[in-house]
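Data file: target.cif. Format and content: mmCIF, C-alpha atoms and all ligand atoms.
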data_upload
loop_
_atom_site.label_atom_id
_atom_site.label_comp_id
_atom_site.auth_asym_id
_atom_site.auth_seq_id
_atom_site.Cartn_x
_atom_site.Cartn_y
_atom_site.Cartn_z
CA MET A 178 0.00 0.00 0.00
CA ASP A 179 1.59 3.34 -1.03
CA GLN A 180 1.50 6.30 1.35
CA TRP A 181 -1.52 7.94 -0.34
CA SER A 182 -3.86 5.04 -0.31
CA PHE A 183 -5.70 4.09 2.80
CA THR A 184 -8.94 2.43 3.64
CA TYR A 185 -11.64 3.01 6.21
CA SER A 186 -13.30 0.31 8.20
CA ASN A 187 -16.96 -0.34 7.43
CA GLU A 188 -17.91 1.27 10.76
CA ARG A 189 -15.97 4.43 9.91
CA VAL A 190 -17.64 4.66 6.46
CA ALA A 191 -21.07 4.22 8.07
CA PHE A 192 -20.25 6.97 10.59
CA ILE A 193 -19.13 9.39 7.85
CA ASN A 194 -22.23 8.62 5.79
CA GLU A 195 -24.38 9.38 8.82
CA GLN A 196 -22.63 12.71 9.31
CA MET A 197 -22.95 13.63 5.62
CA LYS A 198 -26.71 13.40 5.95
CA PHE A 199 -26.66 16.47 8.17
CA GLN A 200 -24.28 18.50 6.06
CA PRO A 201 -26.99 20.55 4.32
CA PHE A 202 -28.23 21.58 7.74
CA TYR A 203 -24.77 22.83 8.72
CA VAL A 204 -24.75 24.98 5.60
CA LEU A 205 -28.21 26.35 6.48
CA TYR A 206 -27.18 27.02 10.09
CA GLY A 207 -24.10 28.83 8.80
CA LEU A 208 -26.12 30.97 6.39
CA ASN A 209 -28.67 31.79 9.06
CA TRP A 210 -25.90 32.83 11.47
CA LEU A 211 -24.42 35.09 8.79
CA ARG A 212 -27.86 36.60 8.14
CA GLN A 213 -28.34 37.32 11.85
CA VAL A 214 -24.93 39.01 12.07
CA LEU A 215 -25.68 41.19 9.01
CA LEU A 216 -29.15 42.12 10.25
CA LYS A 217 -27.79 43.07 13.67
CA LYS A 218 -25.23 45.27 11.95
CA GLN A 219 -27.99 47.03 10.00
CA ARG A 220 -30.14 47.58 13.06
CA ASN A 221 -27.40 49.13 15.16
CA PRO A 222 -28.55 52.77 15.54
CA THR A 223 -25.01 53.99 16.07
CA GLN A 224 -24.24 53.16 12.47
CA ILE A 225 -26.34 55.86 10.78
CA ARG A 226 -24.54 56.84 7.61
CA GLU A 227 -25.50 60.00 5.78
CA GLY A 228 -27.14 59.29 2.46
CA ASN A 229 -27.40 55.52 2.78
CA MET A 230 -31.04 55.12 3.67
CA ALA A 231 -31.24 51.42 2.95
CA ASP A 232 -29.04 50.80 5.97
CA ASN A 233 -31.19 52.42 8.61
CA PRO A 234 -34.91 53.21 8.79
CA LEU A 235 -34.08 56.20 11.03
CA GLU A 236 -32.66 57.83 7.92
CA TRP A 237 -36.07 57.71 6.24
CA ILE A 238 -37.60 59.59 9.15
CA PHE A 239 -35.04 62.39 8.91
CA ALA A 240 -35.04 62.37 5.09
CA ARG A 241 -38.81 62.62 4.75
CA ARG A 242 -39.56 66.14 3.63
CA SER A 243 -42.53 67.70 1.86
CA ILE A 244 -41.68 67.52 -1.83
CA ARG A 245 -43.70 69.74 -4.14
CA LYS A 246 -41.83 69.45 -7.45
CA PHE A 247 -41.93 66.24 -9.42
CA HIS A 248 -40.61 64.62 -12.59
CA SER A 249 -43.13 63.25 -15.04
CA ASN A 250 -42.20 59.55 -14.85
CA PRO A 251 -44.96 57.52 -13.24
CA VAL A 252 -44.70 55.67 -9.93
CA GLU A 253 -44.48 51.92 -10.48
CA ASP A 254 -47.40 49.76 -9.33
CA GLU A 255 -45.03 47.74 -7.09
CA LYS A 256 -44.14 50.92 -5.19
CA ILE A 257 -47.79 51.93 -4.91
CA ASP A 258 -48.52 48.50 -3.51
CA LEU A 259 -45.72 48.85 -0.93
CA MET A 260 -47.04 52.24 0.18
CA LEU A 261 -50.50 50.77 0.65
CA GLN A 262 -49.05 47.78 2.51
CA ALA A 263 -47.27 50.23 4.81
CA ALA A 264 -50.40 52.34 5.25
CA MET A 265 -52.35 49.32 6.40
CA ALA A 266 -49.56 48.26 8.75
CA ALA A 267 -50.24 51.39 10.82
CA PRO A 268 -51.52 51.12 14.39
CA SER A 269 -55.20 51.84 14.95
CA ALA A 270 -57.29 52.04 18.11
CA ASN A 271 -58.64 48.57 18.91
CA ASN A 272 -57.05 47.54 15.62
CA ALA A 273 -60.23 48.85 13.99
CA LYS A 274 -58.49 49.82 10.71
CA PRO A 275 -61.15 52.32 9.62
CA TRP A 276 -59.22 53.37 6.49
CA HIS A 277 -59.94 53.29 2.79
CA PHE A 278 -57.53 54.52 0.12
CA ILE A 279 -58.22 55.95 -3.32
CA VAL A 280 -55.30 55.57 -5.72
CA VAL A 281 -55.34 58.34 -8.33
CA LYS A 282 -53.10 58.30 -11.41
CA ASP A 283 -55.34 59.98 -13.96
CA ARG A 284 -53.76 63.25 -15.15
CA GLN A 285 -57.08 65.09 -15.53
CA THR A 286 -58.16 64.13 -12.01
CA LEU A 287 -54.81 65.16 -10.53
CA ASN A 288 -55.11 68.51 -12.30
CA ARG A 289 -58.62 68.93 -10.93
CA LEU A 290 -57.32 68.16 -7.45
CA ALA A 291 -54.73 70.93 -7.88
CA GLU A 292 -57.57 73.30 -8.77
CA ILE A 293 -59.96 72.53 -5.95
CA HIS A 294 -57.55 72.16 -3.02
CA PRO A 295 -56.13 75.56 -2.02
CA TYR A 296 -52.63 74.20 -1.22
CA ALA A 297 -52.24 71.39 -3.74
CA LYS A 298 -50.75 73.08 -6.78
CA MET A 299 -48.01 70.42 -6.83
CA CYS A 300 -50.68 67.99 -8.03
CA TYR A 301 -50.23 69.49 -11.50
CA GLU A 302 -46.83 67.73 -11.44
CA ALA A 303 -47.44 64.80 -9.09
CA THR A 304 -48.04 61.55 -10.95
CA LEU A 305 -49.96 59.93 -8.14
CA ALA A 306 -52.22 60.86 -5.25
CA ILE A 307 -53.43 58.62 -2.47
CA VAL A 308 -56.62 59.88 -0.85
CA VAL A 309 -56.86 58.61 2.73
CA CYS A 310 -60.49 58.09 3.68
CA ALA A 311 -62.15 56.70 6.78
CA ASP A 312 -65.29 54.90 7.77
CA PRO A 313 -66.21 56.67 11.04
CA ALA A 314 -68.78 53.97 11.82
CA ILE A 315 -65.83 51.61 12.37
CA SER A 316 -63.93 53.96 14.68
CA LYS A 317 -66.03 56.92 15.77
CA ASN A 318 -63.51 58.48 18.16
CA TYR A 319 -60.16 57.56 16.66
CA TRP A 320 -60.44 57.50 12.86
CA GLN A 321 -58.44 60.74 12.63
CA GLN A 322 -55.49 59.32 14.56
CA ASP A 323 -55.68 55.95 12.80
CA CYS A 324 -55.68 57.53 9.36
CA SER A 325 -52.93 59.96 10.37
CA ALA A 326 -50.73 57.01 11.31
CA ALA A 327 -51.51 55.40 7.94
CA THR A 328 -50.72 58.68 6.14
CA GLN A 329 -47.36 58.97 7.89
CA ASN A 330 -46.48 55.40 6.90
CA VAL A 331 -47.18 56.27 3.26
CA LEU A 332 -44.85 59.29 3.53
CA LEU A 333 -42.07 57.28 5.14
CA VAL A 334 -42.21 54.30 2.81
CA GLY A 335 -42.49 56.62 -0.17
CA THR A 336 -39.29 58.30 0.98
CA SER A 337 -37.56 54.95 1.47
CA LEU A 338 -38.48 54.04 -2.13
CA GLY A 339 -36.89 57.20 -3.54
CA LEU A 340 -40.21 58.99 -4.06
CA GLY A 341 -41.20 62.50 -3.09
CA THR A 342 -44.36 62.91 -1.03
CA VAL A 343 -46.37 65.64 0.62
CA TRP A 344 -49.30 65.47 3.04
CA LEU A 345 -52.27 67.56 1.92
CA GLY A 346 -54.63 68.40 4.72
CA VAL A 347 -58.35 67.78 4.28
CA HIS A 348 -59.94 67.06 7.66
CA PRO A 349 -61.34 69.13 9.41
CA ARG A 350 -61.82 71.64 6.54
CA LEU A 351 -65.44 71.07 5.58
CA GLU A 352 -65.27 72.96 2.29
CA ARG A 353 -62.26 70.88 1.13
CA ARG A 354 -63.95 67.69 2.27
CA ALA A 355 -67.07 68.47 0.24
CA LEU A 356 -65.15 69.19 -2.97
CA ILE A 357 -62.93 66.14 -2.61
CA LYS A 358 -65.80 63.81 -1.76
CA LYS A 359 -67.56 65.00 -4.90
CA LEU A 360 -64.47 64.64 -7.12
CA PHE A 361 -63.82 61.06 -5.97
CA SER A 362 -67.44 59.96 -5.45
CA VAL A 363 -66.78 59.21 -1.79
CA PRO A 364 -69.96 57.90 -0.13
CA ASP A 365 -71.79 60.39 2.14
CA ASP A 366 -71.10 58.49 5.35
CA MET A 367 -67.32 58.34 4.77
CA GLU A 368 -64.68 60.86 5.85
CA VAL A 369 -61.53 62.13 4.14
CA LEU A 370 -58.52 62.67 6.38
CA SER A 371 -55.76 63.58 3.96
CA ILE A 372 -54.29 63.23 0.51
CA VAL A 373 -50.70 62.28 -0.21
CA ALA A 374 -49.30 63.68 -3.44
CA VAL A 375 -46.52 61.45 -4.78
CA GLY A 376 -44.00 61.43 -7.59
CA TYR A 377 -40.32 61.23 -8.42
CA PRO A 378 -38.76 64.26 -6.71
CA ALA A 379 -37.53 67.16 -8.83
CA GLU A 380 -36.26 69.04 -5.78
CA LYS A 381 -33.87 68.08 -3.01
CA LYS A 382 -34.33 68.91 0.64
CA GLN A 383 -31.96 68.37 3.55
CA SER A 384 -32.57 65.58 6.04
CA ARG A 385 -33.29 67.04 9.43
CA THR A 386 -34.90 66.39 12.80
CA GLN A 387 -36.04 69.80 14.19
CA PHE A 388 -35.34 68.37 17.64
CA ASP A 389 -36.00 70.94 20.37
CA SER A 390 -35.01 70.02 23.90
CA GLY A 391 -37.37 72.74 25.19
CA ARG A 392 -40.27 70.54 24.12
CA VAL A 393 -39.08 67.63 26.21
CA HIS A 394 -40.20 67.34 29.84
CA HIS A 395 -38.76 64.67 32.06
CA GLU A 396 -41.06 62.76 34.38
CA ALA A 397 -43.58 65.68 34.52
CA TRP A 398 -44.15 69.03 32.77
C1 LIG A 401 -52.04 67.86 8.74
C2 LIG A 401 -51.11 68.40 7.69
C3 LIG A 401 -51.63 69.12 6.64
C4 LIG A 401 -50.79 69.61 5.63
N1 LIG A 401 -51.34 70.23 4.57
C5 LIG A 401 -50.53 70.63 3.55
C6 LIG A 401 -51.12 71.18 2.37
O1 LIG A 401 -52.33 71.27 2.24
N2 LIG A 401 -50.29 71.57 1.37
C7 LIG A 401 -48.91 71.45 1.48
O2 LIG A 401 -48.22 71.84 0.54
N3 LIG A 401 -48.34 70.91 2.60
C8 LIG A 401 -49.12 70.50 3.62
N4 LIG A 401 -48.55 69.90 4.73
C9 LIG A 401 -47.10 69.74 4.81
C10 LIG A 401 -46.48 70.75 5.80
O3 LIG A 401 -46.51 72.04 5.25
C11 LIG A 401 -45.03 70.29 6.10
O4 LIG A 401 -45.06 69.02 6.67
C12 LIG A 401 -44.30 71.23 7.04
O5 LIG A 401 -44.11 72.49 6.43
C13 LIG A 401 -42.94 70.69 7.46
O6 LIG A 401 -42.10 70.47 6.34
P1 LIG A 401 -41.55 69.02 6.00
O7 LIG A 401 -42.73 68.13 5.71
O8 LIG A 401 -40.65 69.19 4.82
O9 LIG A 401 -40.80 68.50 7.19
C14 LIG A 401 -49.39 69.39 5.72
C15 LIG A 401 -48.88 68.67 6.78
C16 LIG A 401 -49.71 68.16 7.73
C17 LIG A 401 -49.16 67.31 8.86
#
Transcribe the structure of this file into structure tokens.
Ligand SMILES: Cc1cc2nc3c(=O)[nH]c(=O)nc-3n(C[C@H](O)[C@H](O)[C@H](O)COP(=O)(O)O)c2cc1C
Amino acid sequence: MDQWSFTYSNERVAFINEQMKFQPFYVLYGLNWLRQVLLKKQRNPTQIREGNMADNPLEWIFARRSIRKFHSNPVEDEKIDLMLQAAMAAPSANNAKPWHFIVVKDRQTLNRLAEIHPYAKMCYEATLAIVVCADPAISKNYWQQDCSAATQNVLLVGTSLGLGTVWLGVHPRLERRALIKKLFSVPDDMEVLSIVAVGYPAEKKQSRTQFDSGRVHHEAW
């Protein structure tokens, strides 16, 4: 027998075969461990890096600004779907979810929106609007807060997807509500909380927090 050839006993071969069975699991464990390490790295709030929003959701909160100038390219359906998914992930009192959303892409309707809402001229350029409505019968006392949380989620996820967004106030302005309900054929017993105008941003705004320590009270006012 030369020095390179050797043989295993039958028992040894059986043992190795048994171990080989579990090899795919070792690979999976290894991959999972790597995934955990990478995820932990992403979640570490000390690692905020300017301009790299994908790394840290905190960046989206600071980067979200009201954008009122837009390019003409349309927002992809996948992104619209993600914004709606985010909207409906919002918290709501008793998990009542009183919201309804109207997705508006039609140029004529967006132009009309710009005409009837006193502070929505950017809708002449926006390629999308999401009208946030509520069924007050589902949440009489909290629909405003619930739909505000949903609106904010749309703004944040829009930002994270590279879109520009701006919140257009509707509730509690009765005259705006009437015009908007008419334009979008919203049933009489429904409310309109807000509209989010969306598009690819044609203006840049600085990330910021506006943190003011004077507004923070510790333990009591
Ligand atoms: C309830 C509410 C109503 C708003 N309504 C309008 C509006 O009608 N038109 C508009 O251009 N911006 C509107 N905004 C956006 C604010 O003007 C904007 O958030 C504020 O100036 C701060 O700027 P930023 O969003 O860039 O941080 C509204 C915001 C909120 C929360």
What are the closest atom pairs, with distances in Å to one decimal, for all residues of region 322-392 of chain A lying within 12 Å of region 249-261 of chain A? Consider all atoms listed in the file, order rows by chain and residue number, and present the result as CSV.
residue,atom,partner,partner_atom,distance
A:Ala327,CA,A:Leu261,CA,8.7
A:Thr328,CA,A:Met260,CA,9.5
A:Gln329,CA,A:Met260,CA,10.2
A:Asn330,CA,A:Met260,CA,7.4
A:Val331,CA,A:Met260,CA,5.1
A:Leu332,CA,A:Met260,CA,8.1
A:Leu333,CA,A:Met260,CA,8.6
A:Val334,CA,A:Met260,CA,5.9
A:Gly335,CA,A:Met260,CA,6.3
A:Thr336,CA,A:Met260,CA,9.9
A:Ser337,CA,A:Met260,CA,9.9
A:Leu338,CA,A:Lys256,CA,7.2
A:Gly339,CA,A:Lys256,CA,9.7
A:Leu340,CA,A:Val252,CA,8.1
A:Gly341,CA,A:Val252,CA,10.3
A:Thr342,CA,A:Met260,CA,11.1
A:Val373,CA,A:Met260,CA,10.7
A:Ala374,CA,A:Val252,CA,11.3
A:Val375,CA,A:Val252,CA,8.0
A:Gly376,CA,A:Val252,CA,6.3
A:Tyr377,CA,A:Asn250,CA,6.9
A:Pro378,CA,A:Ser249,CA,9.5
A:Ala379,CA,A:Ser249,CA,9.2
Next on the checklist: As a quick test: using all atoms listed in the file, which residues lie no more than 9 Å away from ligand LIG 401 (chain A)? Give them as a ChimeraX atom specification.
Outcome noted: /A:239-245,294-299,325,329,342-348,370-372,382-387
Exercise for review: Compile the contact shell of region 273-282 of chain A as a PyMOL selection string: residues with an atom at most 7 Å away, counting only C-alpha atoms, same-chain residues fewer than 5 positions apart removed.
Suggested key: chain A and resi 304-313+315-316+320+324
query: Between CA of Tyr301 (chain A) and CA of Asn288 (chain A), what is the distance, to one decimal in Å?
result: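 Taking CA of Tyr301 (chain A) and CA of Asn288 (chain A), their separation equals 5.0 Å.
Checking A:Ser269, A:Lys381, A:Phe247, A:Leu235 one by one against Asn318 (chain A), counting all atoms listed in the file, you find the shortest gap at A:Ser269.
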- Message: Report, in Å to a single decimal, how far apart CA of Pro268 (chain A) and CA of Arg392 (chain A) are.
- Response: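 Computing the Euclidean distance for CA of Arg392 (chain A) and CA of Pro268 (chain A) yields 24.5 Å.
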query = Nearest to Gln285 (chain A) among A:Ala314, A:Val363, A:Ala270, A:Ala303, with distances taken over only C-alpha atoms: which residue is it?
reply =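 Going through A:Ala314, A:Val363, A:Ala270, A:Ala303 one by one, the smallest distance to Gln285 (chain A) is for A:Ala303.
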note - CA of Lys359 (chain A) and CA of Leu290 (chain A) are separated by 11.0 Å
Query raised in the report: Using only C-alpha atoms, which residue out of A:Glu292, A:Glu396, A:Glu380, A:Asp389 lies closest to Ile357 (chain A)?
Result: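 Of the candidates, the smallest distance to Ile357 (chain A) is held by A:Glu292.
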Could I see region 247-275 of chain A restored to N, CA and C atoms, set down as a compact mmCIF listing (two decimals), in the coordinates of the input?
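For reference, part-v6.txt as written:
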# COMPACT_ATOMS: atom_id res chain seq x y z
N PHE A 247 -42.07 67.64 -9.01
CA PHE A 247 -41.93 66.24 -9.42
C PHE A 247 -41.55 66.10 -10.89
N HIS A 248 -40.84 65.01 -11.19
CA HIS A 248 -40.61 64.62 -12.59
C HIS A 248 -41.86 63.93 -13.12
N SER A 249 -41.88 63.77 -14.45
CA SER A 249 -43.13 63.25 -15.04
C SER A 249 -43.21 61.72 -15.11
N ASN A 250 -42.11 61.02 -14.75
CA ASN A 250 -42.20 59.55 -14.85
C ASN A 250 -43.12 58.99 -13.77
N PRO A 251 -43.96 58.03 -14.17
CA PRO A 251 -44.96 57.52 -13.24
C PRO A 251 -44.37 56.66 -12.13
N VAL A 252 -45.10 56.55 -11.04
CA VAL A 252 -44.70 55.67 -9.93
C VAL A 252 -45.14 54.24 -10.28
N GLU A 253 -44.21 53.31 -10.13
CA GLU A 253 -44.48 51.92 -10.48
C GLU A 253 -45.54 51.32 -9.55
N ASP A 254 -46.34 50.41 -10.12
CA ASP A 254 -47.40 49.76 -9.33
C ASP A 254 -46.83 49.04 -8.10
N GLU A 255 -45.63 48.46 -8.24
CA GLU A 255 -45.03 47.74 -7.09
C GLU A 255 -44.81 48.71 -5.93
N LYS A 256 -44.39 49.94 -6.25
CA LYS A 256 -44.14 50.92 -5.19
C LYS A 256 -45.46 51.40 -4.58
N ILE A 257 -46.47 51.53 -5.44
CA ILE A 257 -47.79 51.93 -4.91
C ILE A 257 -48.28 50.85 -3.95
N ASP A 258 -48.08 49.61 -4.36
CA ASP A 258 -48.52 48.50 -3.51
C ASP A 258 -47.79 48.53 -2.16
N LEU A 259 -46.48 48.81 -2.19
CA LEU A 259 -45.72 48.85 -0.93
C LEU A 259 -46.20 49.98 -0.03
N MET A 260 -46.54 51.12 -0.64
CA MET A 260 -47.04 52.24 0.18
C MET A 260 -48.37 51.88 0.83
N LEU A 261 -49.20 51.16 0.08
CA LEU A 261 -50.50 50.77 0.65
C LEU A 261 -50.32 49.69 1.73
N GLN A 262 -49.36 48.79 1.48
CA GLN A 262 -49.05 47.78 2.51
C GLN A 262 -48.62 48.48 3.80
N ALA A 263 -47.76 49.50 3.63
CA ALA A 263 -47.27 50.23 4.81
C ALA A 263 -48.41 50.98 5.48
N ALA A 264 -49.27 51.60 4.68
CA ALA A 264 -50.40 52.34 5.25
C ALA A 264 -51.24 51.43 6.14
N MET A 265 -51.48 50.24 5.64
CA MET A 265 -52.35 49.32 6.40
C MET A 265 -51.59 48.53 7.45
N ALA A 266 -50.31 48.84 7.62
CA ALA A 266 -49.56 48.26 8.75
C ALA A 266 -49.59 49.22 9.94
N ALA A 267 -50.24 50.37 9.77
CA ALA A 267 -50.24 51.39 10.82
C ALA A 267 -51.03 50.90 12.05
N PRO A 268 -50.70 51.46 13.21
CA PRO A 268 -51.52 51.12 14.39
C PRO A 268 -52.88 51.80 14.29
N SER A 269 -53.89 51.18 14.88
CA SER A 269 -55.20 51.84 14.95
C SER A 269 -55.88 51.41 16.24
N ALA A 270 -56.66 52.32 16.82
CA ALA A 270 -57.29 52.04 18.11
C ALA A 270 -58.15 50.76 17.99
N ASN A 271 -57.96 49.88 18.91
CA ASN A 271 -58.64 48.57 18.91
C ASN A 271 -58.41 47.79 17.61
N ASN A 272 -57.35 48.15 16.92
CA ASN A 272 -57.05 47.54 15.62
C ASN A 272 -58.27 47.60 14.69
N ALA A 273 -58.96 48.73 14.75
CA ALA A 273 -60.23 48.85 13.99
C ALA A 273 -60.00 49.06 12.49
N LYS A 274 -58.86 49.61 12.13
CA LYS A 274 -58.49 49.82 10.71
C LYS A 274 -59.63 50.48 9.93
N PRO A 275 -59.98 51.71 10.26
CA PRO A 275 -61.15 52.32 9.62
C PRO A 275 -60.87 52.90 8.23
